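Shown next: work_2.txt, containing compact mmCIF, C-alpha atoms.
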```txt
# COMPACT_ATOMS: atom_id res chain seq x y z
CA MET A 1 -36.64 14.08 -2.02
CA LYS A 2 -34.33 11.13 -2.65
CA LEU A 3 -30.57 10.83 -2.78
CA ARG A 4 -29.62 8.90 -5.88
CA ILE A 5 -26.34 7.18 -6.64
CA GLU A 6 -25.42 9.56 -9.46
CA HIS A 7 -25.87 12.59 -7.20
CA ILE A 8 -22.94 11.59 -5.06
CA PHE A 9 -20.40 12.12 -7.80
CA HIS A 10 -21.50 15.53 -9.09
CA VAL A 11 -18.41 17.60 -9.86
CA MET A 12 -18.66 21.12 -8.48
CA PRO A 13 -16.77 23.62 -10.70
CA GLY A 14 -13.45 24.71 -9.25
CA GLY A 15 -13.76 22.39 -6.29
CA ASN A 16 -11.27 20.10 -4.63
CA SER A 17 -12.25 16.41 -4.74
CA TRP A 18 -11.40 15.72 -1.11
CA PHE A 19 -13.03 18.98 -0.01
CA ARG A 20 -16.18 18.02 -1.92
CA ASN A 21 -16.17 14.65 -0.20
CA SER A 22 -15.73 16.29 3.20
CA LEU A 23 -18.77 18.45 2.47
CA PHE A 24 -20.71 15.34 1.51
CA SER A 25 -19.48 13.68 4.70
CA ARG A 26 -20.84 16.49 6.85
CA GLN A 27 -24.10 16.61 4.91
CA PHE A 28 -24.57 12.82 5.19
CA ALA A 29 -23.79 12.90 8.92
CA LYS A 30 -26.22 15.77 9.45
CA ASN A 31 -28.85 14.06 7.33
CA ARG A 32 -28.41 10.77 9.20
CA SER A 33 -28.78 12.38 12.64
CA CYS A 34 -31.90 14.22 11.47
CA SER A 35 -33.28 11.01 10.06
CA ALA A 36 -32.66 9.22 13.35
CA ARG A 37 -34.64 11.89 15.18
CA ASN A 38 -37.64 12.33 12.94
CA ARG A 39 -37.18 9.96 9.97
CA GLY A 40 -37.62 12.91 7.67
CA PRO A 41 -36.85 12.88 3.95
CA ARG A 42 -33.24 12.79 2.81
CA LEU A 43 -31.37 15.26 0.66
CA GLY A 44 -31.64 14.68 -3.07
CA SER A 45 -33.76 15.11 -6.13
CA SER A 46 -36.91 13.46 -7.32
CA LYS A 47 -35.76 13.14 -10.92
CA ILE A 48 -33.08 10.78 -12.09
CA GLY A 49 -30.20 12.69 -13.66
CA ASP A 50 -30.79 15.84 -11.60
CA ARG A 51 -27.76 17.17 -9.76
CA ILE A 52 -27.53 18.45 -6.22
CA SER A 53 -25.33 21.30 -5.17
CA ILE A 54 -24.13 21.66 -1.60
CA PRO A 55 -23.30 25.18 -0.48
CA PRO A 56 -19.85 25.77 0.98
CA ALA A 57 -19.64 25.57 4.75
CA ARG A 58 -17.24 26.92 7.33
CA LEU A 59 -14.82 24.27 8.59
CA SER A 60 -14.76 23.58 12.30
CA LEU A 61 -11.48 23.13 14.20
CA ARG A 62 -11.88 19.36 14.15
CA GLU A 63 -12.60 19.35 10.41
CA SER A 64 -9.61 21.61 9.75
CA LYS A 65 -7.37 19.12 11.55
CA LEU A 66 -8.89 16.32 9.50
CA VAL A 67 -8.18 18.18 6.25
CA HIS A 68 -4.58 18.70 7.39
CA ARG A 69 -4.23 15.03 8.27
CA MET A 70 -5.73 13.84 5.01
CA ARG A 71 -3.16 15.81 3.01
CA LEU A 72 -0.66 13.15 4.10
CA ASN A 73 2.45 15.25 3.70
CA ALA A 74 4.86 12.89 5.46
CA ASN A 75 7.40 10.83 3.52
CA LYS A 76 5.64 10.54 0.17
CA THR A 77 7.63 9.47 -2.85
CA ASP A 78 7.54 11.52 -6.02
CA SER A 79 4.98 9.15 -7.56
CA GLN A 80 2.81 9.41 -4.44
CA GLN A 81 3.02 13.21 -4.61
CA ARG A 82 1.80 13.12 -8.21
CA LEU A 83 -1.06 10.83 -7.20
CA ALA A 84 -2.05 13.13 -4.32
CA ILE A 85 -2.08 16.10 -6.70
CA LYS A 86 -4.12 14.12 -9.23
CA LEU A 87 -6.67 13.19 -6.56
CA GLY A 88 -6.87 16.78 -5.36
CA VAL A 89 -5.51 15.93 -1.92
CA GLU A 90 -2.69 18.48 -2.09
CA SER A 91 -1.34 21.13 -4.42
CA PRO A 92 2.05 20.94 -6.13
CA SER A 93 4.93 21.97 -3.88
CA ARG A 94 8.71 22.12 -3.98
CA LYS A 95 8.99 22.65 -7.70
CA GLY A 96 12.47 22.43 -9.16
CA LEU A 97 15.44 20.33 -8.17
CA LEU A 98 14.79 19.75 -4.46
CA THR A 99 11.80 17.43 -4.56
CA ARG A 100 11.27 14.95 -1.74
CA GLU A 101 12.22 12.01 -3.90
CA ARG A 102 15.43 13.64 -5.07
CA MET A 103 16.37 14.61 -1.53
CA ARG A 104 15.79 11.01 -0.47
CA LEU A 105 17.95 9.74 -3.33
CA ALA A 106 20.71 12.20 -2.40
CA THR A 107 20.57 11.04 1.21
CA TYR A 108 20.73 7.41 0.13
CA ALA A 109 23.74 8.10 -2.09
CA ALA A 110 25.55 9.91 0.75
CA LYS A 111 24.84 7.06 3.20
CA THR A 112 26.09 4.45 0.72
CA ALA A 113 29.30 6.38 0.08
CA LEU A 114 29.84 6.78 3.84
CA ALA A 115 29.39 3.07 4.55
CA ALA A 116 31.75 2.05 1.73
CA SER A 117 34.38 4.58 2.84
CA LEU A 118 34.23 3.37 6.45
CA CYS A 119 34.76 -0.23 5.31
CA TRP A 120 37.75 0.73 3.22
CA TRP A 121 39.25 2.82 6.03
CA LEU A 122 38.81 0.03 8.60
CA ALA A 123 40.37 -2.53 6.24
CA LEU A 124 43.43 -0.29 5.81
CA ARG A 125 43.53 0.53 9.54
CA PHE A 126 43.64 -3.12 10.63
CA GLY A 127 45.67 -4.48 7.71
CA LEU A 128 42.94 -6.63 6.17
CA HIS A 129 43.59 -8.20 2.77
CA ASP A 130 41.47 -7.08 -0.19
CA GLY A 131 39.54 -4.47 1.80
CA TYR A 132 37.52 -3.53 -1.27
CA TRP A 133 35.31 -6.60 -0.73
CA GLY A 134 33.89 -5.03 2.42
CA ALA A 135 33.18 -1.79 0.57
CA ILE A 136 31.45 -3.74 -2.22
CA SER A 137 29.31 -5.59 0.33
CA ALA A 138 28.29 -2.33 2.00
CA ILE A 139 27.25 -0.83 -1.34
CA ILE A 140 25.22 -3.91 -2.27
CA VAL A 141 23.32 -4.41 1.00
CA LEU A 142 22.62 -0.80 1.99
CA GLN A 143 19.08 -0.06 0.77
CA SER A 144 16.80 2.95 0.92
CA ASN A 145 15.22 1.85 4.22
CA PHE A 146 16.31 -0.12 7.27
CA GLY A 147 14.06 -3.14 6.68
CA ALA A 148 15.31 -3.66 3.13
CA THR A 149 18.91 -3.34 4.38
CA ILE A 150 18.30 -6.12 6.92
CA THR A 151 16.80 -8.33 4.20
CA ALA A 152 19.71 -7.77 1.80
CA SER A 153 22.23 -8.32 4.62
CA ARG A 154 20.65 -11.62 5.58
CA ASP A 155 20.66 -12.86 1.99
CA ARG A 156 24.27 -11.83 1.45
CA ILE A 157 25.71 -13.32 4.62
CA LEU A 158 23.91 -16.65 4.08
CA GLY A 159 25.00 -16.81 0.45
CA THR A 160 28.59 -15.98 1.42
CA LEU A 161 28.72 -18.63 4.16
CA ILE A 162 27.30 -21.32 1.87
CA GLY A 163 29.62 -20.31 -0.98
CA ALA A 164 32.70 -20.23 1.24
CA ALA A 165 31.92 -23.65 2.69
CA PHE A 166 31.27 -25.24 -0.72
CA GLY A 167 34.23 -23.50 -2.36
CA PHE A 168 36.62 -24.68 0.35
CA SER A 169 35.21 -28.25 0.44
CA PHE A 170 35.11 -28.87 -3.32
CA SER A 171 38.62 -27.49 -3.81
CA PHE A 172 39.84 -30.84 -2.46
CA LEU A 173 37.68 -32.89 -4.85
CA GLY A 174 39.43 -33.36 -8.16
CA ALA A 175 40.73 -30.56 -10.36
CA LEU A 176 39.32 -27.56 -12.19
CA PRO A 177 36.95 -27.09 -13.89
CA TRP A 178 34.92 -30.14 -12.81
CA ASN A 179 35.07 -29.53 -9.07
CA TYR A 180 34.11 -25.88 -9.65
CA ILE A 181 31.10 -26.87 -11.78
CA LEU A 182 29.95 -29.36 -9.15
CA ALA A 183 30.38 -26.83 -6.34
CA VAL A 184 28.28 -24.14 -8.07
CA ALA A 185 25.55 -26.63 -9.01
CA ALA A 186 25.40 -28.14 -5.52
CA ALA A 187 25.25 -24.69 -3.83
CA LEU A 188 22.43 -23.48 -6.09
CA ILE A 189 20.44 -26.66 -5.55
CA LEU A 190 20.86 -26.40 -1.77
CA CYS A 191 19.81 -22.73 -1.66
CA SER A 192 16.71 -23.48 -3.72
CA ALA A 193 15.82 -26.51 -1.60
CA ILE A 194 15.96 -24.61 1.73
CA GLY A 195 14.17 -21.52 0.42
CA LEU A 196 17.19 -19.22 -0.03
CA ARG A 197 16.90 -18.47 -3.73
CA SER A 198 17.88 -14.84 -3.23
CA SER A 199 21.16 -16.08 -1.69
CA SER A 200 21.95 -18.60 -4.42
CA ARG A 201 23.70 -16.17 -6.80
CA LEU A 202 25.84 -14.79 -3.97
CA ALA A 203 26.84 -18.34 -3.07
CA GLY A 204 27.95 -18.89 -6.68
CA VAL A 205 29.96 -15.65 -6.67
CA THR A 206 31.73 -16.61 -3.44
CA ILE A 207 32.57 -20.07 -4.82
CA SER A 208 34.06 -18.42 -7.91
CA ILE A 209 36.25 -16.13 -5.76
CA VAL A 210 37.43 -18.91 -3.47
CA MET A 211 38.19 -21.44 -6.21
CA LEU A 212 39.21 -19.32 -9.21
CA VAL A 213 40.92 -16.18 -7.89
CA PRO A 214 44.71 -16.74 -7.67
CA SER A 215 45.98 -16.47 -4.12
CA GLY A 216 49.30 -17.07 -2.42
CA GLY A 217 47.58 -18.67 0.57
CA SER A 218 45.33 -21.66 1.02
CA HIS A 219 41.68 -21.89 0.02
CA TRP A 220 40.47 -21.89 3.62
CA ARG A 221 42.31 -18.61 4.32
CA LEU A 222 40.75 -17.00 1.26
CA ALA A 223 37.31 -18.26 2.32
CA LEU A 224 37.71 -16.80 5.84
CA ASP A 225 38.93 -13.47 4.45
CA ARG A 226 35.94 -13.34 2.15
CA VAL A 227 33.48 -14.03 5.00
CA GLY A 228 35.17 -11.48 7.26
CA GLN A 229 35.06 -8.76 4.61
CA VAL A 230 31.38 -9.41 3.91
CA ILE A 231 30.54 -9.29 7.62
CA LEU A 232 32.41 -6.00 7.96
CA GLY A 233 30.51 -4.50 5.02
CA ILE A 234 27.17 -5.67 6.41
CA LEU A 235 27.91 -4.26 9.87
CA MET A 236 28.84 -0.89 8.41
CA ALA A 237 25.74 -0.82 6.21
CA ILE A 238 23.45 -1.63 9.15
CA ALA A 239 25.17 0.93 11.39
CA VAL A 240 24.87 3.71 8.81
CA SER A 241 21.27 2.78 7.97
CA THR A 242 20.37 2.86 11.67
CA LEU A 243 22.25 5.94 12.83
CA VAL A 244 22.46 8.30 9.82
CA PHE A 245 19.10 9.75 8.74
CA PRO A 246 17.26 6.48 9.46
CA ASP A 247 14.40 5.64 7.09
CA ARG A 248 12.00 3.01 8.42
CA ALA A 249 10.10 0.82 5.98
CA ARG A 250 7.13 0.61 8.34
CA ILE A 251 6.71 4.40 8.34
CA ARG A 252 6.84 4.55 4.55
CA LEU A 253 4.45 1.60 4.37
CA ARG A 254 1.98 3.30 6.69
CA ASP A 255 1.89 6.40 4.50
CA GLY A 256 1.82 4.22 1.39
CA LEU A 257 -1.23 2.35 2.72
CA ALA A 258 -2.98 5.66 3.41
CA GLN A 259 -2.29 6.70 -0.18
CA GLU A 260 -3.48 3.27 -1.33
CA PHE A 261 -6.91 3.67 0.25
CA LEU A 262 -7.23 7.17 -1.20
CA ALA A 263 -6.43 5.73 -4.63
CA LEU A 264 -8.94 2.90 -4.12
CA GLY A 265 -11.56 5.47 -3.15
CA ALA A 266 -10.90 7.46 -6.32
CA PHE A 267 -11.13 4.23 -8.34
CA PHE A 268 -14.45 3.42 -6.62
CA GLU A 269 -15.82 6.87 -7.45
CA ALA A 270 -14.81 6.56 -11.11
CA ILE A 271 -16.47 3.12 -11.36
CA LEU A 272 -19.81 4.37 -10.06
CA LYS A 273 -19.74 7.33 -12.42
CA GLY A 274 -20.24 4.71 -15.13
CA PHE A 275 -23.29 3.21 -13.41
CA ARG A 276 -26.33 4.29 -15.49
CA GLY A 277 -24.10 6.86 -17.18
CA PRO A 278 -21.05 7.27 -19.43
CA ALA A 279 -17.82 5.66 -18.26
CA ASP A 280 -15.24 7.88 -16.58
CA GLN A 281 -12.34 8.66 -18.92
CA LYS A 282 -9.82 8.37 -16.07
CA LEU A 283 -11.00 4.93 -14.98
CA ALA A 284 -8.13 2.97 -16.58
CA SER A 285 -5.44 5.31 -15.25
CA LEU A 286 -6.93 5.25 -11.74
CA ARG A 287 -6.96 1.45 -11.83
CA GLN A 288 -3.29 1.42 -12.82
CA ASP A 289 -2.43 3.94 -10.09
CA ALA A 290 -4.09 1.78 -7.45
CA LEU A 291 -2.40 -1.38 -8.74
CA ALA A 292 1.03 0.30 -8.77
CA ILE A 293 0.64 1.42 -5.15
CA LEU A 294 -0.53 -2.05 -4.13
CA ARG A 295 2.63 -3.59 -5.61
CA ALA A 296 4.92 -0.98 -4.05
CA ASN A 297 3.32 -1.51 -0.64
CA SER A 298 3.72 -5.26 -0.98
CA GLU A 299 7.49 -4.79 -1.36
CA LEU A 300 7.57 -2.39 1.60
CA LEU A 301 5.67 -4.91 3.73
CA GLU A 302 8.35 -7.55 3.15
CA ALA A 303 11.01 -5.04 4.25
CA ALA A 304 8.96 -3.83 7.24
CA ARG A 305 8.65 -7.36 8.61
CA ASN A 306 12.42 -7.47 9.15
CA GLU A 307 12.56 -4.28 11.22
CA PRO A 308 12.58 -4.19 15.02
CA SER A 309 9.26 -3.69 16.74
CA GLY A 310 7.61 -0.31 16.27
CA GLY A 311 4.95 -0.82 18.92
CA PRO A 312 2.38 -3.44 19.98
CA GLY A 313 0.72 -5.12 17.02
CA TRP A 314 2.18 -2.84 14.36
CA ARG A 315 3.36 -5.73 12.19
CA GLU A 316 -0.01 -7.47 12.37
CA GLY A 317 -1.82 -4.19 11.70
CA LEU A 318 0.22 -3.39 8.60
CA THR A 319 -0.21 -6.93 7.30
CA LEU A 320 -3.98 -6.81 7.80
CA LEU A 321 -4.30 -3.47 6.01
CA ALA A 322 -2.22 -4.71 3.08
CA GLN A 323 -4.41 -7.82 2.81
CA PHE A 324 -7.62 -5.81 2.97
CA GLY A 325 -6.25 -3.43 0.33
CA GLY A 326 -5.75 -6.34 -2.06
CA SER A 327 -9.23 -7.73 -1.33
CA LEU A 328 -10.80 -4.30 -1.89
CA PHE A 329 -9.02 -3.92 -5.23
CA ASP A 330 -10.36 -7.30 -6.37
CA ALA A 331 -13.87 -6.32 -5.26
CA LEU A 332 -13.60 -3.00 -7.10
CA VAL A 333 -12.55 -4.73 -10.32
CA ALA A 334 -15.59 -7.02 -9.95
CA LEU A 335 -17.79 -3.94 -9.42
CA GLU A 336 -16.28 -2.37 -12.54
CA TYR A 337 -17.41 -5.33 -14.62
CA SER A 338 -20.86 -5.25 -13.01
CA VAL A 339 -21.66 -1.66 -14.03
CA ARG A 340 -20.81 -2.14 -17.70
CA ASP A 341 -23.69 -1.62 -20.16
CA SER A 342 -25.90 -0.23 -17.39
CA HIS A 343 -26.54 3.23 -18.87
CA GLU A 344 -30.09 2.33 -19.90
CA ASP A 345 -31.02 0.29 -16.81
CA ALA A 346 -34.11 1.40 -14.89
CA TYR A 347 -34.51 -1.42 -12.38
CA ALA A 348 -31.73 -0.10 -10.11
CA GLN A 349 -33.61 3.21 -9.84
CA GLN A 350 -36.10 1.46 -7.57
CA LEU A 351 -33.33 0.74 -5.05
CA GLU A 352 -32.98 4.43 -4.25
CA PRO A 353 -32.34 6.07 -1.86
CA ALA A 354 -30.76 3.07 -0.09
CA LEU A 355 -28.35 2.27 -2.93
CA GLY A 356 -27.15 5.87 -3.21
CA GLN A 357 -26.74 6.19 0.56
CA LEU A 358 -24.55 3.08 0.74
CA ALA A 359 -22.43 4.23 -2.20
CA GLY A 360 -21.91 7.69 -0.71
CA ASP A 361 -21.05 6.42 2.75
CA THR A 362 -18.67 3.85 1.27
CA ARG A 363 -16.82 6.60 -0.60
CA ILE A 364 -16.50 8.53 2.65
CA GLY A 365 -15.31 5.32 4.33
CA PHE A 366 -12.26 5.12 2.05
CA ASN A 367 -11.17 8.64 3.05
CA PHE A 368 -11.89 8.01 6.73
CA LEU A 369 -9.83 4.81 6.76
CA ALA A 370 -6.94 6.60 5.02
CA GLY A 371 -7.00 9.18 7.81
CA CYS A 372 -7.04 6.41 10.44
CA ILE A 373 -3.97 4.82 8.85
CA HIS A 374 -2.07 8.10 8.71
CA SER A 375 -2.78 8.90 12.38
CA TRP A 376 -2.56 5.17 13.33
CA ARG A 377 -5.79 5.39 15.33
CA PHE A 378 -8.54 2.92 14.47
CA GLN A 379 -10.63 2.56 17.62
CA ILE A 380 -12.93 5.56 17.01
CA SER A 381 -15.82 4.86 14.66
CA PRO A 382 -16.85 7.64 12.24
CA ALA A 383 -19.57 9.88 13.66
CA GLY A 384 -22.87 9.72 11.81
CA LEU A 385 -21.70 6.95 9.51
CA SER A 386 -22.96 3.36 9.79
CA LEU A 387 -22.25 1.07 6.87
CA ASP A 388 -24.07 -1.78 8.62
CA GLU A 389 -27.22 0.32 8.77
CA ASP A 390 -26.82 1.26 5.10
CA ILE A 391 -26.50 -2.42 4.15
CA ALA A 392 -29.60 -3.32 6.19
CA ASN A 393 -31.59 -0.53 4.51
CA LEU A 394 -30.50 -1.68 1.06
CA GLU A 395 -31.46 -5.29 1.80
CA ALA A 396 -34.85 -4.15 3.05
CA ARG A 397 -35.33 -2.11 -0.09
CA MET A 398 -34.43 -5.12 -2.24
CA GLU A 399 -37.20 -7.10 -0.56
CA GLN A 400 -39.69 -4.31 -1.17
CA VAL A 401 -39.05 -4.11 -4.94
CA ARG A 402 -38.61 -7.83 -5.57
CA HIS A 403 -42.18 -8.24 -6.85
CA THR A 404 -41.62 -5.63 -9.62
CA GLY A 405 -38.99 -7.73 -11.39
CA ARG A 406 -41.39 -8.90 -14.11
CA GLN A 407 -41.46 -5.40 -15.58
CA PHE A 408 -37.73 -5.41 -16.43
CA SER A 409 -35.32 -7.51 -18.44
CA GLN A 410 -33.35 -10.26 -16.78
CA SER A 411 -30.02 -8.57 -17.63
CA GLU A 412 -31.09 -5.36 -15.83
CA ILE A 413 -32.08 -7.28 -12.73
CA LEU A 414 -28.87 -9.31 -12.70
CA ARG A 415 -26.72 -6.18 -13.08
CA ALA A 416 -28.54 -4.43 -10.25
CA TYR A 417 -28.14 -7.46 -7.99
CA ALA A 418 -24.45 -7.74 -8.87
CA VAL A 419 -23.84 -4.04 -8.17
CA GLN A 420 -25.56 -4.11 -4.79
CA LEU A 421 -23.76 -7.33 -3.81
CA HIS A 422 -20.35 -5.85 -4.63
CA LEU A 423 -21.21 -2.59 -2.88
CA LYS A 424 -22.12 -4.49 0.27
CA GLN A 425 -18.93 -6.53 0.05
CA ILE A 426 -16.79 -3.38 -0.30
CA ALA A 427 -18.56 -1.71 2.63
CA ARG A 428 -18.04 -4.77 4.84
CA LEU A 429 -14.36 -4.98 3.87
CA LEU A 430 -13.85 -1.31 4.76
CA ARG A 431 -15.43 -1.72 8.18
CA ALA A 432 -13.59 -5.00 8.84
CA ALA A 433 -10.26 -3.39 7.91
CA ARG A 434 -10.66 -0.70 10.57
CA VAL A 435 -12.15 -2.95 13.28
CA GLU A 436 -9.68 -5.83 12.86
CA THR A 437 -6.70 -3.49 12.72
CA ALA A 438 -7.87 -1.84 15.94
CA GLY A 439 -8.08 -5.29 17.52
CA ALA A 440 -4.58 -6.23 16.29
CA LEU A 441 -3.21 -3.07 17.91
CA GLY A 442 -4.88 -3.97 21.22
CA LYS A 443 -7.31 -1.04 21.00
CA PRO A 444 -10.77 -2.40 20.21
CA GLU A 445 -13.38 -0.21 18.58
CA LYS A 446 -15.21 2.37 20.71
CA ASP A 447 -18.75 3.45 19.99
```

Could you quickly redo this structure as structure tokens?
Amino acid sequence: MKLRIEHIFHVMPGGNSWFRNSLFSRQFAKNRSCSARNRGPRLGSSKIGDRISIPPARLSLRESKLVHRMRLNANKTDSQQRLAIKLGVESPSRKGLLTRERMRLATYAAKTALAASLCWWLALRFGLHDGYWGAISAIIVLQSNFGATITASRDRILGTLIGAAFGFSFSFLGALPWNYILAVAAALILCSAIGLRSSSRLAGVTISIVMLVPSGGSHWRLALDRVGQVILGILMAIAVSTLVFPDRARIRLRDGLAQEFLALGAFFEAILKGFRGPADQKLASLRQDALAILRANSELLEAARNEPSGGPGWREGLTLLAQFGGSLFDALVALEYSVRDSHEDAYAQQLEPALGQLAGDTRIGFNFLAGCIHSWRFQISPAGLSLDEDIANLEARMEQVRHTGRQFSQSEILRAYAVQLHLKQIARLLRAARVETAGALGKPEKD
């Protein structure tokens, strides 16, 4: 009885994809422990193309908690909810107007209006000139999460300071429009040279206000008023973002990374469905889903880096996971190219059951790592799951069948070697992601 790679992805009618994987996880763990005791045969079928069916089992308390954790209900965007439903991780909820994304947008709109109103009220209260500039600054810099607000505030204050300084200085050099043209050009060149390209446009706007807006006072007074109004708007935006329904980029990134590894796991499963079989029809859409989440998480990572500390090593941990996610996506795309035109290959059949065991455990590894990210606990290794042992078994099996290569075409052999190389790379990346993140958090792996 051998477990073959195509058995792992049998679709049970009416089943939930994560629930099926959890059943496989328990069966693989049980099978591995039995194999360690008596080296008995593994679950599977002797004929290629046969399908195995695993009977439903009663969930233990620990498994029930794992199912609840893997549903990842916290702080998902509307697109992430749709992805979770597509992957079978959760069922549709909150139909109608009050979806999570719309509630978040409503909260963001209310916070922006509050910050702008406070700026306007303070400007009137203390007799500041042109108080609307503070309200405009608050509206511009207040973002959907605290980290993005800090980033926008930094860019705006630096651009305003540079623009005010250049606008005031160049107002004494000649007459309009030549001094204005030189001031804008010099400010943009300086911002680009010192790595402040996101502040360059704001510097140009400030120069335009200081030098072109008619004012009864001097240019230096207008420049100081402009800087003061911007600082007021930034302070109000940061205060509202911190105190009123705070939304941390690092929390959203953590949940986004968990969703990312679930999406990568679904992409991995779809790829291997096309190994010695027809290609999965959802492969292209799953690839796009994974790529979209990778890009969204990359933006969240930049915002999360500007937030205050959320615990020891959290910034390093999030950065490592984002990097490993990108590396895994690249490895999966390489695996996708490797399995093309393999539907008639027979050489890879000789690599069973080692090849199928590594593929199945790798699929489980994606779900396990997503659960680790959501709970932010990486030091516990998965029970009954050893990717290193699977890799060693596959390499041993490759040595055993090497002498049979003359019976097969060179293209078959090359495809099989490419598939097993990419599988091993993906498995190693999954294990390294968990182990290195645990080390970054100061909690090394426990056996």

Determine, counting only C-alpha atoms, which protein, DNA and RNA residues have an atom within 8 Å of an atom of range 177-189 of chain A; residues of the same chain fewer than 6 positions away are not included. Present the result as a PyMOL selection string.
chain A and resi 162-163+166-167+170-171+197+200-201+203-204+207-208+211

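Candidate residues A:Ala416, A:Ala258, A:Pro444, A:Asp289 were compared for distance to Ser375 in chain A, and the nearest is A:Ala258, using all atoms listed in the file.
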
Report as a PyMOL selection string all protein, DNA and RNA residues lying within 6 Å of range 422-430 of chain A, evaluated on all atoms listed in the file, omitting residues in the same chain fewer than 2 positions from it.
chain A and resi 335+362+419-420+432-433

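Proximity of A:Ile373, A:Ala175, A:Ile157, A:Ala296 to Leu320 in chain A, computed with all atoms listed in the file, is greatest for A:Ile373.
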
Who sits within 9 Å of Ile293 in chain A, all atoms listed in the file, same chain under 5 positions skipped, as a list in words
Gln80, Gly256, Leu257, Gln259, Glu260, Ala263, Gln288 and Ser298 of chain A

Give the answer as one residue: which of A:Glu316, A:Asp130, A:Glu436, A:Asp361 has the shortest atom-to-atom distance to Phe378 in chain A, using all atoms listed in the file?
A:Glu436

From the list A:Gln350, A:Ser144, A:Gln281, A:Gln323, which residue is nearest Arg295 in chain A when using all atoms listed in the file?
A:Gln323

For the atom pair CA of Ser342 in chain A and CA of Phe368 in chain A, what is the interatomic distance in Å to one decimal place?
29.1 Å

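You can rank A:Leu414, A:Leu202, A:Leu355, A:Ala334 by their closest distance to Glu389 in chain A using only C-alpha atoms, and at the top of that list sits A:Leu355.
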
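Proximity to Ile136 in chain A was assessed for A:Thr112, A:Gln357, A:Thr149, A:Gln407 counting all atoms listed in the file; the smallest distance is recorded for A:Thr112.
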
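From CA of Gly326 in chain A back to CA of Ser411 in chain A, the distance works out to 28.9 Å.
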
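Computed from the coordinates, the CA of Arg102 in chain A to CA of Met236 in chain A distance equals 23.9 Å.
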
I want to know what sits within 12 Å of Arg154 in chain A, based on only C-alpha atoms, with residues of the same chain fewer than 2 positions away left out; could you give that as a JSON list (two decimals) with C-alpha atoms, in the coordinates of the input?
```
[["chain", "number", "residue", "atom", "x", "y", "z"],
["A", 137, "SER", "CA", 29.31, -5.59, 0.33],
["A", 140, "ILE", "CA", 25.22, -3.91, -2.27],
["A", 141, "VAL", "CA", 23.32, -4.41, 1.00],
["A", 142, "LEU", "CA", 22.62, -0.80, 1.99],
["A", 147, "GLY", "CA", 14.06, -3.14, 6.68],
["A", 148, "ALA", "CA", 15.31, -3.66, 3.13],
["A", 149, "THR", "CA", 18.91, -3.34, 4.38],
["A", 150, "ILE", "CA", 18.30, -6.12, 6.92],
["A", 151, "THR", "CA", 16.80, -8.33, 4.20],
["A", 152, "ALA", "CA", 19.71, -7.77, 1.80],
["A", 156, "ARG", "CA", 24.27, -11.83, 1.45],
["A", 157, "ILE", "CA", 25.71, -13.32, 4.62],
["A", 158, "LEU", "CA", 23.91, -16.65, 4.08],
["A", 159, "GLY", "CA", 25.00, -16.81, 0.45],
["A", 160, "THR", "CA", 28.59, -15.98, 1.42],
["A", 161, "LEU", "CA", 28.72, -18.63, 4.16],
["A", 196, "LEU", "CA", 17.19, -19.22, -0.03],
["A", 198, "SER", "CA", 17.88, -14.84, -3.23],
["A", 199, "SER", "CA", 21.16, -16.08, -1.69],
["A", 202, "LEU", "CA", 25.84, -14.79, -3.97],
["A", 230, "VAL", "CA", 31.38, -9.41, 3.91],
["A", 231, "ILE", "CA", 30.54, -9.29, 7.62],
["A", 234, "ILE", "CA", 27.17, -5.67, 6.41],
["A", 235, "LEU", "CA", 27.91, -4.26, 9.87],
["A", 237, "ALA", "CA", 25.74, -0.82, 6.21],
["A", 238, "ILE", "CA", 23.45, -1.63, 9.15],
["A", 303, "ALA", "CA", 11.01, -5.04, 4.25],
["A", 306, "ASN", "CA", 12.42, -7.47, 9.15]]
```

Give me the box for range 365-371 of chain A as AutoDock Vina command-line options, namely the centre and edge lengths in Å to one decimal of a box along x, y and z that holds every listed atom plus 6 Å on each side.
```
--center_x -11.1 --center_y 7.0 --center_z 4.9 --size_x 20.4 --size_y 16.4 --size_z 17.8
```

If we count only C-alpha atoms, what is near Arg377 in chain A at a cut-off of 10 Å, once residues fewer than 3 positions away on the same chain are taken out, given as a PyMOL selection string?
chain A and resi 369+371-374+380+434+437-438+441+443+445

At most 10 Å from (-12.4, 6.6, -3.4), file frame, all atoms listed in the file: which residues, as a ChimeraX atom specification?
/A:17-18,21,87,260-271,360,362-367
